[in-house]
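To start, the structure itself, in structure tokens.
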Amino acid sequence: MSKSNDALVAALNQRFDDLILDCYAAHDEVSVEVEPEHLIDLCRSLCNDEDFAFRQLVDLCGVDYATYGQAEWETESTSITGFSRGVSKGAYDDHKHRDYRFAVVYHLLSLQHNRRLRVRCRIHSEPPVVATVVGIWASANWYEREAFDLYGILFSGHPDLRRLLTDYGFIGHPFRKDFPLEGNVEVRYDTEKQRVIYQPVTITNRVLVPKVIRHDNRYEDVDRAQSAVNGEQSAVNSEQ
Amino acid sequence: MPEIRNMTMNFGPQHPAAHGVLRLVLEMDGEVIVRADPHVGLLHRATEKLAESKPFNQSIGYMDRLDYVSMMCNEHAYVLAIEKLLGIKPPLRAQYIRVMFDEITRILNHLMWLGAHGLDIGAMTMFLYCFREREDLMDCYEAVSGTRMHATYYRPGGVARDLPDTMPQYRESTWRSDADTKVINEARQGSLLDFLEDFTNRFPECVDQYETLLTDNRIWKQRTVGIGVVSPERAMQLGFTGPMLRGSGVEWDLRKKQPYEVYADMDFDIPVGVNGDCYDRYLVRMEEMRQSNNIIRQCIKWLRDNPGPVVLDDHKITPPKREVMKDDMESLIHHFKLFTEGYCVPEGEVYSAIEHPKGEFGIYLISDGANKPYRVKIRAAGFAHISAMDEMVRGHMLADVVAVIGTQDIVFGEIDR
């Protein structure tokens with residue numbers, strides 16, 4: 001499969017050089033990165049060109065990169081703050097910052113060529129807006145409603161952009177990283193009012209296992225392992 | 001002349017034919033449907049968000065609860081995604097066990113579908129027949145994982161444990177005579193594989209029974225032939241997968257086209273429909289049960305001949321054996337680390353898809369190098385199918401809505417997630 005992946009990457013790079021930001025194969029899968037203004041042109045060509053023929057949109061989802069690479073627990077060094085559960089959220093962040101928060105990821109499938117492709121559309125605007133692809137793949141309709149509901153991503157030109165999964169009258173976009181896991185409101189039956197009422201949540205979030213990022217050199221690629229800082233690895237080793 | 005207006009009707013969410021909690025708002029012109037607007041989300045549990053807050057292994061149990069009639073298949077996609085990111089491959093025996101249980105699950109799912117679909121459109125007996133066979137397969141789940149439904153049996157790097165040598169037995173009861181107990185325990189005297197082999201010998205005859213009741217049944221045909229017709233082009237456009245796509249005549253099965261585990265070594269056929277109506281999809285699923293039965297047989301044969309490990313020996317990912325832990329410091333540390341922190345998965349993103357009984361079930365997993373997933377997107381087959389509900393029922397009668405819900409094989413656990 002890797003050979004055909006390389007061929008697909010080359011073909012995509014050649015055909016859409018002016019439209020795409022990046023195109024690469026990783027984990028036996030091909031990904032394309034694109035800006036919102038070129039999305040529709042790219043998708044239409046991917047669907048209709050016989051060389052690609054991605055006639056099926058298998059999946060569409062929003063992603064919120066707000067806390068990407070932020071651990072809840074420092075693991076790099078043993079210090080006063082390291083190995084402490086008192087470290088505040090997001091205190092430790094050694095990852096490259098992205099210049100965009102939201103992305104919409106499209107998974108395409110070509111039955112004709114038996115190939116898959118991932119298209120990631122980076123959204124810089126606030127509120128996040130991207131053009132709809134319902135006109136190209138009808139199956140995008142509900143997926144875009146879901147992404148709107150859960151992430152608040154607006155799809156311009158969508159025929160029926162309503163909430164899909166959350167409750168009637170729900171406020172907020174629950175899958176955003178700044179939306180609390182336990183939610184904001186809960187329901188209960190009020191015996192005096194004789195109906196179900198909403199009230200602020202009474203539960204608090206407990207983190208049983210903190211999020212930890214360890215740089216495990218066994219999984220690093222050869223070139224990445226070489227560029228990795230030596231001190232980083234020795235810190236990991238000393239922990240174990 | 002009196003003014004004639006369309007009537008808006010509410011269907012569900014508490015309706016026995018809604019297969020759970022589907023609320024349909026139907027705009028009717030007499031008894032003909034002009035527009036259908038499904039309201040989903042009544043079973044939304046934010047599985048994807050919950051998975052983001054837990055170490056990788058703790059979400060396997062959530063996967064069972066997505067499509068709660070084909071439990072292990074859901075786990076399979078999730079576990080495959082983790083394995084792909086970690087770059088590991090389970091031992092061959094574990095792969096055969098997974099394939100075998102995937103096919104058991106496919107039969108379980110199709111039996112549930114057949115029973116419920118039959119019940120919905122007037123074939124009460126099917127429900128009882130199907131649940132008779134389901135019971136045996138549930139026992140296989142129980143034998144191997146200790147639970148009849150939510151197994152949590154697949155793990156990254158293999159499966160939780162090897163196939164057992166004994167089957168659970170029925171105990172004496174005041175409700176049945178000892179002779180009856182003996183009869184139902186007869187097939188359970190050997191190992192799980194013996195029990196399954198006995199089942200695969202019995203099962204084709206059971207499918208014949210179902211077909212005798214339904215395939216040429218006049219009422220059944222009146223309720224399904226020509227109902228919910230989807231052309232192959234339209235099926236692709238609407239994102240259909242699995243039997244819904246094959247029923248329209250598109251030969252597409254991930255087990256053949258993009259084989260995972262040991263499906264490439266299996267000998268089986270892909271049934272394809274012609275007309276794309278409810279009846280063709282019924283025929284496709286019936287044949288799939290027979291094919292699954294064949295695959296199970298092939299797996300049993302291989303598993304009998306090839307004992308071996310069922311889980312990787314890499315204790316950074318899989319827990320060490322309990323008896324080793326008693327006197328080995330290293331194993332104790334591994335165990336402690338695994339169950340307090342879990343394992344870190346290298347940074348990256350993968351999409352792993354399997355041929356779920358309902359269609360393509362995919363997990364899109366983004367890891368930022370932590371011990372918890374950064375984002376898990378569950379691609380449920382039923383979600384794409386139900387979004388096409390409006391198109392499929394338009395112009396049909398109210399009673400046909402039930403036939404379309406049945407043929408889409410809707411389970412709200414996976415649609416609402």
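Following the order of the structure tokens, first chain is A, next is B, and so on, with residues numbered from 1 inside each chain and ligands from 1 in the order they appear.
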Would you mind listing, for every residue of chain A within 9 Å of chain B, the two atoms forming the shortest contact and the distance between them in Å to one decimal, using only C-alpha atoms, sorted by chain and ascending residue number, as CSV?
residue,atom,partner,partner_atom,distance
A:Ala26,CA,B:Gly348,CA,8.3
A:His27,CA,B:Val350,CA,6.8
A:Asp28,CA,B:Val350,CA,8.7
A:Glu29,CA,B:Val350,CA,7.4
A:Arg55,CA,B:Gln237,CA,6.8
A:Gln56,CA,B:Met236,CA,5.8
A:Leu57,CA,B:Gly239,CA,6.1
A:Val58,CA,B:Gly239,CA,6.0
A:Asp59,CA,B:Arg379,CA,6.3
A:Leu60,CA,B:Arg379,CA,8.6
A:Cys61,CA,B:Lys377,CA,7.1
A:Gly62,CA,B:Lys377,CA,8.9
A:Val63,CA,B:Arg375,CA,7.2
A:Asp64,CA,B:Arg375,CA,8.5
A:Tyr65,CA,B:Tyr374,CA,8.7
A:Thr67,CA,B:Tyr374,CA,8.7
A:Tyr68,CA,B:Asp368,CA,6.3
A:Gly69,CA,B:Asp368,CA,5.3
A:Gln70,CA,B:Asp368,CA,8.4
A:Ala71,CA,B:Ala370,CA,7.3
A:His107,CA,B:Tyr351,CA,8.5
A:Leu111,CA,B:Trp252,CA,7.5
A:Asn114,CA,B:Lys257,CA,7.1
A:Arg118,CA,B:Tyr351,CA,8.9
A:Ile136,CA,B:Gln237,CA,8.4
A:Trp137,CA,B:Gln237,CA,5.7
A:Ala138,CA,B:Leu238,CA,5.3
A:Ser139,CA,B:Leu238,CA,4.4
A:Ala140,CA,B:Leu238,CA,8.2
A:Asn141,CA,B:Ser387,CA,7.8
A:Trp142,CA,B:Ser387,CA,6.2
A:Tyr143,CA,B:Ala384,CA,8.3
A:Leu164,CA,B:Gly41,CA,6.6
A:Leu165,CA,B:Gly41,CA,3.9
A:Thr166,CA,B:Gly41,CA,6.0
A:Asp167,CA,B:Gly41,CA,7.4
A:Pro174,CA,B:Lys49,CA,8.4
A:Phe175,CA,B:Lys49,CA,6.3
A:Leu181,CA,B:Lys49,CA,7.3
A:Val207,CA,B:Ser53,CA,7.9
A:Leu208,CA,B:Lys54,CA,8.5
A:Val209,CA,B:Glu341,CA,6.1
A:Pro210,CA,B:Glu341,CA,7.6
A:Lys211,CA,B:Asn371,CA,6.1
A:Val212,CA,B:Ala370,CA,5.3
A:Ile213,CA,B:Ala370,CA,4.1
A:Arg214,CA,B:Cys344,CA,6.4
A:His215,CA,B:Gly369,CA,7.3
A:Asp216,CA,B:Pro346,CA,7.5
A:Tyr219,CA,B:Pro346,CA,6.3
A:Glu220,CA,B:Pro346,CA,7.6
A:Gln240,CA,B:Ile333,CA,8.9
- Message: Residues within 8 Å of region 5-19 of chain A, please, as number ranges by chain. Count only C-alpha atoms; anything in the same chain fewer than 6 positions from it doesn't count.
- Response: A: 25, 28-30, 34, 38, 42
- Query: Of the candidates A:His124, A:Arg163, A:Arg44, A:Arg206, which one gets nearest to Pro180 (chain A) if we count only C-alpha atoms?
  - Reply: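 Of the candidates, the smallest distance to Pro180 (chain A) is held by A:Arg206.
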- Would you return as a PyMOL selection string the members of region 90-229 of chain A that DSSP assigns to helix (DSSP H, G or I) on this structure's backbone? chain A and resi 140-151+217-219+222-227
- Mind pulling up the distance from CA of Met389 (chain B) to CA of Ile33 (chain B)? 11.5 Å
- Query: Any idea what's packed within 12 Å of Glu186 (chain B), counting only C-alpha atoms, ignoring anything in its chain fewer than 2 positions away? Could you give it as a PyMOL selection string?
  - Reply: chain B and resi 167-170+179-184+188-191+194-195+198
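These are the residues of region 113-145 of chain A assigned strand (DSSP E or B) by DSSP from backbone coordinates: Arg115, Arg116, Leu117, Arg118, Val119, Arg120, Cys121, Arg122, Ile123, Val129, Val130 and Ala131 of chain A.
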- Message: I'd like the contact shell of Val34 (chain B) - 12 Å cut-off, only C-alpha atoms, skipping same-chain residues fewer than 3 positions apart - returned as JSON, numbers by chain.
- Response: {"B": [5, 6, 7, 8, 9, 25, 26, 27, 28, 29, 30, 31, 37, 390, 391, 392, 393, 394, 395, 396, 397, 398, 401]}
Would you mind exporting the chosen residues as a compact mmCIF listing (two decimals), in the first residue's frame, restricted to N, CA and C atoms?
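The resulting result_13.txt:
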# COMPACT_ATOMS: atom_id res chain seq x y z
N ARG B 5 -54.85 20.56 4.39
CA ARG B 5 -53.47 20.83 4.79
C ARG B 5 -52.76 19.54 5.16
N ASN B 6 -51.45 19.56 4.99
CA ASN B 6 -50.67 18.41 5.42
C ASN B 6 -50.70 18.32 6.93
N MET B 7 -50.59 17.08 7.42
CA MET B 7 -50.59 16.89 8.85
C MET B 7 -49.17 16.58 9.31
N THR B 8 -48.75 17.18 10.41
CA THR B 8 -47.44 16.86 10.97
C THR B 8 -47.63 15.87 12.10
N MET B 9 -46.90 14.78 12.01
CA MET B 9 -47.10 13.72 13.00
C MET B 9 -45.81 13.42 13.72
N VAL B 25 -40.26 13.44 13.04
CA VAL B 25 -41.35 14.37 12.80
C VAL B 25 -41.72 14.20 11.33
N LEU B 26 -42.92 13.69 11.11
CA LEU B 26 -43.34 13.34 9.75
C LEU B 26 -44.38 14.32 9.25
N GLU B 27 -44.17 14.80 8.05
CA GLU B 27 -45.18 15.63 7.43
C GLU B 27 -45.95 14.75 6.47
N MET B 28 -47.26 14.61 6.72
CA MET B 28 -48.04 13.62 5.99
C MET B 28 -49.06 14.30 5.07
N ASP B 29 -49.21 13.72 3.91
CA ASP B 29 -50.30 14.10 3.02
C ASP B 29 -51.21 12.89 2.97
N GLY B 30 -52.23 12.88 3.81
CA GLY B 30 -53.02 11.66 3.97
C GLY B 30 -52.15 10.63 4.66
N GLU B 31 -51.95 9.48 4.01
CA GLU B 31 -51.07 8.49 4.62
C GLU B 31 -49.70 8.44 3.94
N ASP B 37 -38.30 14.19 9.29
CA ASP B 37 -37.20 14.88 9.95
C ASP B 37 -36.82 14.10 11.21
N ASP B 390 -34.91 10.60 5.35
CA ASP B 390 -35.86 11.47 4.66
C ASP B 390 -36.00 11.04 3.20
N GLU B 391 -34.87 10.84 2.57
CA GLU B 391 -34.90 10.49 1.14
C GLU B 391 -35.53 9.11 0.92
N MET B 392 -35.26 8.18 1.84
CA MET B 392 -35.74 6.81 1.63
C MET B 392 -37.24 6.65 1.85
N VAL B 393 -37.81 7.45 2.76
CA VAL B 393 -39.23 7.23 3.08
C VAL B 393 -40.16 8.17 2.31
N ARG B 394 -39.61 9.17 1.66
CA ARG B 394 -40.44 10.15 0.96
C ARG B 394 -41.31 9.45 -0.08
N GLY B 395 -42.61 9.72 -0.04
CA GLY B 395 -43.52 9.12 -1.00
C GLY B 395 -44.03 7.74 -0.61
N HIS B 396 -43.50 7.20 0.49
CA HIS B 396 -44.00 5.91 0.97
C HIS B 396 -45.12 6.14 1.98
N MET B 397 -45.77 5.02 2.34
CA MET B 397 -46.83 5.08 3.35
C MET B 397 -46.21 5.12 4.76
N LEU B 398 -47.03 5.49 5.71
CA LEU B 398 -46.55 5.57 7.10
C LEU B 398 -46.01 4.22 7.57
N VAL B 401 -42.36 3.36 6.90
CA VAL B 401 -41.29 3.97 7.71
C VAL B 401 -40.66 2.90 8.60
- Message: Need to verify the contact set: Asn184 (chain A), 12 Å, only C-alpha atoms, exclusion of same-chain residues closer than 2 positions in sequence. Can you return it as a PyMOL selection string?
- Response: chain A and resi 170-174+178-182+186-187+198-205
